[in-house]
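Visitor: What follows is entry.pdb; its format and atoms are PDB, C-alpha atoms, pLDDT in the B column.
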```pdb
MODEL        1
ATOM      1  CA  MET V1213      27.068   4.663 -17.262  1.00 49.00           C
ATOM      2  CA  GLU V1214      25.805   2.100 -14.735  1.00 48.00           C
ATOM      3  CA  PRO V1215      26.418   2.677 -11.028  1.00 53.00           C
ATOM      4  CA  PRO V1216      28.979   0.326  -9.502  1.00 55.00           C
ATOM      5  CA  ALA V1217      27.510  -2.930  -8.245  1.00 60.00           C
ATOM      6  CA  ALA V1218      27.099  -3.241  -4.493  1.00 60.00           C
ATOM      7  CA  PRO V1219      29.484  -5.695  -2.842  1.00 63.00           C
ATOM      8  CA  PRO V1220      27.890  -9.136  -2.360  1.00 70.00           C
ATOM      9  CA  THR V1221      27.720  -8.444   1.379  1.00 78.00           C
ATOM     10  CA  SER V1222      25.689  -5.256   0.852  1.00 88.00           C
ATOM     11  CA  ARG V1223      22.789  -6.513  -1.185  1.00 92.00           C
ATOM     12  CA  ILE V1224      19.466  -8.281  -1.211  1.00 94.00           C
ATOM     13  CA  ALA V1225      19.574 -11.611  -3.033  1.00 93.00           C
ATOM     14  CA  ARG V1226      15.914 -12.577  -2.627  1.00 93.00           C
ATOM     15  CA  VAL V1227      12.669 -10.714  -1.889  1.00 93.00           C
ATOM     16  CA  THR V1228       9.323 -12.138  -0.865  1.00 90.00           C
ATOM     17  CA  LEU V1229       6.094 -10.421   0.097  1.00 88.00           C
ATOM     18  CA  ASP V1230       3.898 -11.702   2.903  1.00 83.00           C
ATOM     19  CA  GLU V1231       0.688 -11.953   0.953  1.00 70.00           C
ATOM     20  CA  ARG V1232      -1.561 -13.528   3.606  1.00 70.00           C
ATOM     21  CA  SER V1233      -3.890 -10.548   3.685  1.00 52.00           C
ATOM     22  CA  VAL V1234      -3.553  -9.461   0.070  1.00 55.00           C
ATOM     23  CA  VAL V1235      -6.138 -10.189  -2.580  1.00 55.00           C
ATOM     24  CA  ARG V1236      -5.651 -10.799  -6.283  1.00 57.00           C
ATOM     25  CA  ARG V1237      -4.477  -7.599  -7.912  1.00 62.00           C
ATOM     26  CA  ASN V1238      -5.146  -6.182 -11.341  1.00 72.00           C
ATOM     27  CA  PRO V1239      -2.558  -6.816 -14.080  1.00 77.00           C
ATOM     28  CA  GLN V1240      -1.048  -3.313 -13.798  1.00 74.00           C
ATOM     29  CA  ILE V1241      -0.323  -3.768 -10.085  1.00 74.00           C
ATOM     30  CA  GLU V1242       1.026  -7.289 -10.605  1.00 78.00           C
ATOM     31  CA  HIS V1243       3.308  -5.921 -13.300  1.00 79.00           C
ATOM     32  CA  GLU V1244       4.564  -3.134 -10.995  1.00 79.00           C
ATOM     33  CA  ARG V1245       5.225  -5.713  -8.243  1.00 80.00           C
ATOM     34  CA  ALA V1246       7.101  -8.057 -10.577  1.00 85.00           C
ATOM     35  CA  VAL V1247       9.204  -5.257 -12.086  1.00 87.00           C
ATOM     36  CA  ALA V1248      10.052  -3.808  -8.653  1.00 87.00           C
ATOM     37  CA  ILE V1249      11.198  -7.213  -7.372  1.00 91.00           C
ATOM     38  CA  TYR V1250      13.162  -7.994 -10.537  1.00 93.00           C
ATOM     39  CA  ASP V1251      14.866  -4.572 -10.561  1.00 91.00           C
ATOM     40  CA  LEU V1252      15.553  -4.787  -6.828  1.00 92.00           C
ATOM     41  CA  ILE V1253      17.296  -8.147  -7.165  1.00 93.00           C
ATOM     42  CA  GLU V1254      19.263  -6.978 -10.200  1.00 93.00           C
ATOM     43  CA  GLU V1255      20.560  -3.794  -8.579  1.00 93.00           C
ATOM     44  CA  ASN V1256      20.396  -2.818  -4.932  1.00 94.00           C
ATOM     45  CA  SER V1257      22.470  -1.580  -2.049  1.00 94.00           C
ATOM     46  CA  PHE V1258      21.231  -2.805   1.338  1.00 95.00           C
ATOM     47  CA  THR V1259      23.296  -3.212   4.507  1.00 94.00           C
ATOM     48  CA  LEU V1260      22.361  -3.912   8.104  1.00 95.00           C
ATOM     49  CA  VAL V1261      24.100  -1.280  10.218  1.00 93.00           C
ATOM     50  CA  ASP V1262      24.565  -3.480  13.303  1.00 88.00           C
ATOM     51  CA  GLY V1263      24.317  -6.932  11.857  1.00 86.00           C
ATOM     52  CA  PRO V1264      25.969  -9.502   9.682  1.00 89.00           C
ATOM     53  CA  GLY V1265      26.726  -8.849   6.056  1.00 88.00           C
ATOM     54  CA  GLY V1266      24.660 -10.229   3.240  1.00 86.00           C
ATOM     55  CA  PRO V1267      23.614 -11.201   0.775  1.00 94.00           C
ATOM     56  CA  TYR V1268      20.207 -10.935   2.412  1.00 95.00           C
ATOM     57  CA  ASP V1269      16.886 -12.675   2.063  1.00 95.00           C
ATOM     58  CA  LEU V1270      14.222  -9.991   2.636  1.00 95.00           C
ATOM     59  CA  SER V1271      10.583 -10.644   3.437  1.00 93.00           C
ATOM     60  CA  LEU V1272       8.205  -7.669   3.591  1.00 93.00           C
ATOM     61  CA  GLY V1273       4.824  -7.729   5.254  1.00 90.00           C
ATOM     62  CA  ILE V1274       2.273  -5.620   7.050  1.00 89.00           C
ATOM     63  CA  GLU V1275       1.020  -6.489  10.529  1.00 89.00           C
ATOM     64  CA  ASP V1276      -1.116  -4.225  12.710  1.00 88.00           C
ATOM     65  CA  ASN V1277      -0.430  -1.127  10.568  1.00 87.00           C
ATOM     66  CA  ARG V1278       3.294  -1.751  10.748  1.00 92.00           C
ATOM     67  CA  LEU V1279       5.778  -2.607   8.038  1.00 92.00           C
ATOM     68  CA  VAL V1280       7.728  -5.728   8.962  1.00 94.00           C
ATOM     69  CA  LEU V1281      11.107  -6.337   7.362  1.00 95.00           C
ATOM     70  CA  ASP V1282      12.270  -9.860   8.136  1.00 95.00           C
ATOM     71  CA  ILE V1283      15.884 -10.201   7.070  1.00 95.00           C
ATOM     72  CA  GLY V1284      17.640 -13.503   6.713  1.00 94.00           C
ATOM     73  CA  ASN V1285      20.930 -14.729   5.384  1.00 91.00           C
ATOM     74  CA  GLU V1286      21.402 -16.726   2.177  1.00 84.00           C
ATOM     75  CA  SER V1287      20.134 -19.848   3.953  1.00 84.00           C
ATOM     76  CA  ALA V1288      16.988 -17.935   5.015  1.00 81.00           C
ATOM     77  CA  GLU V1289      18.038 -18.083   8.667  1.00 90.00           C
ATOM     78  CA  PRO V1290      16.749 -14.979  10.491  1.00 92.00           C
ATOM     79  CA  VAL V1291      19.365 -12.315  11.206  1.00 94.00           C
ATOM     80  CA  ALA V1292      17.265  -9.193  11.895  1.00 94.00           C
ATOM     81  CA  LYS V1293      13.715  -7.918  12.069  1.00 95.00           C
ATOM     82  CA  HIS V1294      12.735  -4.289  11.774  1.00 95.00           C
ATOM     83  CA  ILE V1295       9.241  -2.981  12.353  1.00 95.00           C
ATOM     84  CA  LEU V1296       8.152   0.497  11.241  1.00 95.00           C
ATOM     85  CA  SER V1297       4.873   2.271  11.847  1.00 94.00           C
ATOM     86  CA  LEU V1298       3.092   2.895   8.563  1.00 92.00           C
ATOM     87  CA  THR V1299       1.340   6.000   9.885  1.00 93.00           C
ATOM     88  CA  PRO V1300       3.988   8.390   8.455  1.00 94.00           C
ATOM     89  CA  PHE V1301       3.532   6.735   5.041  1.00 93.00           C
ATOM     90  CA  ARG V1302      -0.272   6.892   4.982  1.00 91.00           C
ATOM     91  CA  ARG V1303      -0.640  10.248   3.197  1.00 93.00           C
ATOM     92  CA  ILE V1304       2.091   9.570   0.642  1.00 93.00           C
ATOM     93  CA  VAL V1305       0.701   6.117  -0.224  1.00 90.00           C
ATOM     94  CA  LYS V1306      -2.841   7.481  -0.551  1.00 90.00           C
ATOM     95  CA  ASP V1307      -1.690  10.375  -2.750  1.00 92.00           C
ATOM     96  CA  TYR V1308       0.491   8.025  -4.787  1.00 87.00           C
ATOM     97  CA  PHE V1309      -2.458   5.702  -5.484  1.00 85.00           C
ATOM     98  CA  THR V1310      -4.625   8.673  -6.501  1.00 88.00           C
ATOM     99  CA  VAL V1311      -1.984  10.011  -8.897  1.00 87.00           C
ATOM    100  CA  CYS V1312      -1.377   6.524 -10.330  1.00 83.00           C
ATOM    101  CA  GLU V1313      -5.092   6.155 -11.083  1.00 84.00           C
ATOM    102  CA  SER V1314      -5.041   9.537 -12.821  1.00 87.00           C
ATOM    103  CA  TYR V1315      -1.945   8.510 -14.749  1.00 85.00           C
ATOM    104  CA  TYR V1316      -3.481   5.259 -16.021  1.00 83.00           C
ATOM    105  CA  GLU V1317      -6.642   7.126 -17.055  1.00 86.00           C
ATOM    106  CA  ALA V1318      -4.616   9.864 -18.735  1.00 87.00           C
ATOM    107  CA  ILE V1319      -2.728   7.292 -20.801  1.00 86.00           C
ATOM    108  CA  LYS V1320      -6.050   6.302 -22.360  1.00 88.00           C
ATOM    109  CA  ARG V1321      -7.366   9.805 -23.126  1.00 88.00           C
ATOM    110  CA  SER V1322      -4.953  12.642 -22.591  1.00 88.00           C
ATOM    111  CA  SER V1323      -2.307  14.516 -24.501  1.00 90.00           C
ATOM    112  CA  PRO V1324       1.362  13.586 -24.051  1.00 89.00           C
ATOM    113  CA  SER V1325       2.022  16.832 -22.155  1.00 90.00           C
ATOM    114  CA  HIS V1326      -0.797  16.070 -19.670  1.00 88.00           C
ATOM    115  CA  ILE V1327       0.473  12.512 -19.200  1.00 88.00           C
ATOM    116  CA  GLU V1328       3.995  13.826 -18.620  1.00 90.00           C
ATOM    117  CA  ALA V1329       2.772  16.317 -15.994  1.00 90.00           C
ATOM    118  CA  ILE V1330       0.918  13.599 -14.081  1.00 88.00           C
ATOM    119  CA  ASP V1331       3.927  11.287 -14.365  1.00 84.00           C
ATOM    120  CA  MET V1332       6.182  13.983 -12.889  1.00 91.00           C
ATOM    121  CA  GLY V1333       3.840  14.227  -9.900  1.00 89.00           C
ATOM    122  CA  ARG V1334       3.800  10.454  -9.574  1.00 86.00           C
ATOM    123  CA  ARG V1335       7.603  10.276  -9.605  1.00 90.00           C
ATOM    124  CA  GLY V1336       7.796  13.101  -7.058  1.00 93.00           C
ATOM    125  CA  LEU V1337       5.537  11.230  -4.628  1.00 93.00           C
ATOM    126  CA  HIS V1338       7.486   8.037  -5.245  1.00 92.00           C
ATOM    127  CA  ASN V1339      10.727   9.859  -4.409  1.00 95.00           C
ATOM    128  CA  GLU V1340       9.136  11.345  -1.290  1.00 96.00           C
ATOM    129  CA  GLY V1341       8.038   7.890  -0.110  1.00 95.00           C
ATOM    130  CA  ALA V1342      11.481   6.435  -0.810  1.00 96.00           C
ATOM    131  CA  GLU V1343      13.216   9.233   1.094  1.00 97.00           C
ATOM    132  CA  LEU V1344      10.849   8.778   4.058  1.00 97.00           C
ATOM    133  CA  LEU V1345      11.700   5.064   4.072  1.00 96.00           C
ATOM    134  CA  ARG V1346      15.424   5.859   4.110  1.00 97.00           C
ATOM    135  CA  GLU V1347      14.893   8.294   7.003  1.00 97.00           C
ATOM    136  CA  ARG V1348      12.855   5.765   8.992  1.00 96.00           C
ATOM    137  CA  LEU V1349      15.504   3.064   8.490  1.00 96.00           C
ATOM    138  CA  ALA V1350      18.471   5.356   9.254  1.00 95.00           C
ATOM    139  CA  GLY V1351      20.765   3.809  11.819  1.00 95.00           C
ATOM    140  CA  LYS V1352      19.296   0.353  11.157  1.00 95.00           C
ATOM    141  CA  ILE V1353      19.624  -0.277   7.435  1.00 96.00           C
ATOM    142  CA  GLU V1354      21.609   1.644   4.845  1.00 95.00           C
ATOM    143  CA  LEU V1355      20.128   1.681   1.354  1.00 94.00           C
ATOM    144  CA  ASP V1356      20.575   3.770  -1.734  1.00 95.00           C
ATOM    145  CA  SER V1357      17.845   5.828  -3.425  1.00 94.00           C
ATOM    146  CA  ASN V1358      17.003   3.268  -6.117  1.00 94.00           C
ATOM    147  CA  THR V1359      16.684   0.481  -3.549  1.00 95.00           C
ATOM    148  CA  ALA V1360      14.439   2.697  -1.417  1.00 96.00           C
ATOM    149  CA  ARG V1361      12.271   3.528  -4.467  1.00 94.00           C
ATOM    150  CA  ARG V1362      11.772  -0.151  -5.304  1.00 93.00           C
ATOM    151  CA  LEU V1363      11.001  -0.993  -1.688  1.00 95.00           C
ATOM    152  CA  PHE V1364       8.481   1.860  -1.573  1.00 94.00           C
ATOM    153  CA  THR V1365       6.765   0.346  -4.625  1.00 90.00           C
ATOM    154  CA  LEU V1366       6.478  -2.946  -2.747  1.00 90.00           C
ATOM    155  CA  ILE V1367       5.135  -1.180   0.330  1.00 90.00           C
ATOM    156  CA  CYS V1368       2.425   0.319  -1.866  1.00 87.00           C
ATOM    157  CA  VAL V1369       1.616  -3.103  -3.305  1.00 85.00           C
ATOM    158  CA  LEU V1370       1.226  -4.488   0.219  1.00 85.00           C
ATOM    159  CA  HIS V1371      -1.288  -1.717   0.989  1.00 80.00           C
ATOM    160  CA  ILE V1372      -3.753  -2.944  -1.619  1.00 73.00           C
ATOM    161  CA  ARG V1373      -6.685  -4.686   0.027  1.00 55.00           C
ATOM    162  CA  ALA V1374     -10.020  -6.032  -1.144  1.00 36.00           C
TER     163      ALA V1374
ENDMDL
END
```
Represent the structure of the file as structure tokens.

Guide:
Amino acid sequence: MEPPAAPPTSRIARVTLDERSVVRRNPQIEHERAVAIYDLIEENSFTLVDGPGGPYDLSLGIEDNRLVLDIGNESAEPVAKHILSLTPFRRIVKDYFTVCESYYEAIKRSSPSHIEAIDMGRRGLHNEGAELLRERLAGKIELDSNTARRLFTLICVLHIRA
């Protein structure tokens, strides 16, 4: 059974990534980015605690080792900006990238049980990153677990550099 849809005022309608400092990514990463954005738009729960209701236009970027969430209304007029230090995410993102590399290699050569074990570790790190994001945004933005997971994927994508 599908979870109930978030009210139109508690959701993200559009997501963009600030890609000024990002280089061309491999097809796997581009696929992950596209799926995360598509899934996020299709199903999310996102509400500014002390701000106007949505639907929201969300732009994510990284500036000076900080995650920048620029939030606008449907007309893309700015309504809020939240900046989070990325330092608390550094270990999780690094570990997540390492496990993802192992996962993609395992798909090519390993047994299904080995692939499943690596995938469980990958999902665990992804959940940890999503929960950290929810904690860091507490009191500013309310979001459900699935929304946090998809946003964590996009944070990881923004970390990829040349």

Visitor: Listing only residues of range 1341-1369 of chain V within 6 Å of range 1259-1268 of chain V, what is the closest atom pair and its distance in Å (to one decimal) for each, using all atoms listed in the file, sorted by chain and residue number ascending, as a Markdown table?

Guide:
```
| residue | atom | partner | partner_atom | distance |
| --- | --- | --- | --- | --- |
| V:Lys1352 | CA | V:Val1261 | CA | 5.2 |
| V:Ile1353 | CA | V:Leu1260 | CA | 4.6 |
| V:Glu1354 | CA | V:Thr1259 | CA | 5.2 |
```

Visitor: Using the chain letters and numbers from this file, what does the PyMOL selection byres ((chain V and resi 1270) around 6) select? Give the answer as a list in words.

Guide: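 This file, filtered by the PyMOL selection byres ((chain V and resi 1270) around 6), leaves Val1227, Asp1269, Ser1271, Asp1282 and Ile1283 of chain V.
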
Visitor: Quick one: residues within 10 Å of Glu1343 in chain V, only C-alpha atoms counted, chain neighbours fewer than 4 positions away excluded, as a ChimeraX atom specification?

Guide: /V:1337-1339,1347-1349,1356-1357,1360-1361,1364

Visitor: When distances are computed from all atoms listed in the file, which of V:Gly1341, V:Pro1290, V:Pro1324, V:Gly1273 shows the smallest separation from Lys1306 in chain V?

Guide: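 Distance minimum relative to Lys1306 in chain V lands on V:Gly1341.
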
Visitor: Carefully work through the PyMOL selection byres ((chain V and resi 1359) around 10) for this structure and note down the residues it includes, as a list in words.

Guide: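 That expression, the PyMOL selection byres ((chain V and resi 1359) around 10), corresponds here to Arg1223, Ile1224, Ala1248, Asp1251, Leu1252, Ile1253, Glu1255, Asn1256, Ser1257, Phe1258, Ala1342, Arg1346, Glu1354, Leu1355, Asp1356, Ser1357, Asn1358, Ala1360, Arg1361, Arg1362, Leu1363, Phe1364 and Thr1365 of chain V.
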
Visitor: In Å, with one decimal, what is the gap from CA of His1294 in chain V to CA of Thr1310 in chain V?

Guide: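 Separation of CA of His1294 in chain V and CA of Thr1310 in chain V: 28.3 Å.
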
Visitor: Calculate how many Å separate CA of Ser1323 in chain V from CA of His1243 in chain V, rounding to one decimal.

Guide: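 These two atoms are separated by 24.0 Å.
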
Visitor: Quick one: everything within 12 Å of Ser1314 in chain V, counting all atoms listed in the file, minus sequence neighbours fewer than 3 positions away in the same chain. Send it as number ranges by chain.

Guide: V: 1307-1311, 1317-1322, 1326-1331, 1333-1334

Visitor: Just to confirm, what's the straight-line distance from CA of Phe1301 in chain V to CA of Arg1335 in chain V in Å (one decimal)?

Guide: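 That distance, rounded to one decimal, is 15.6 Å.
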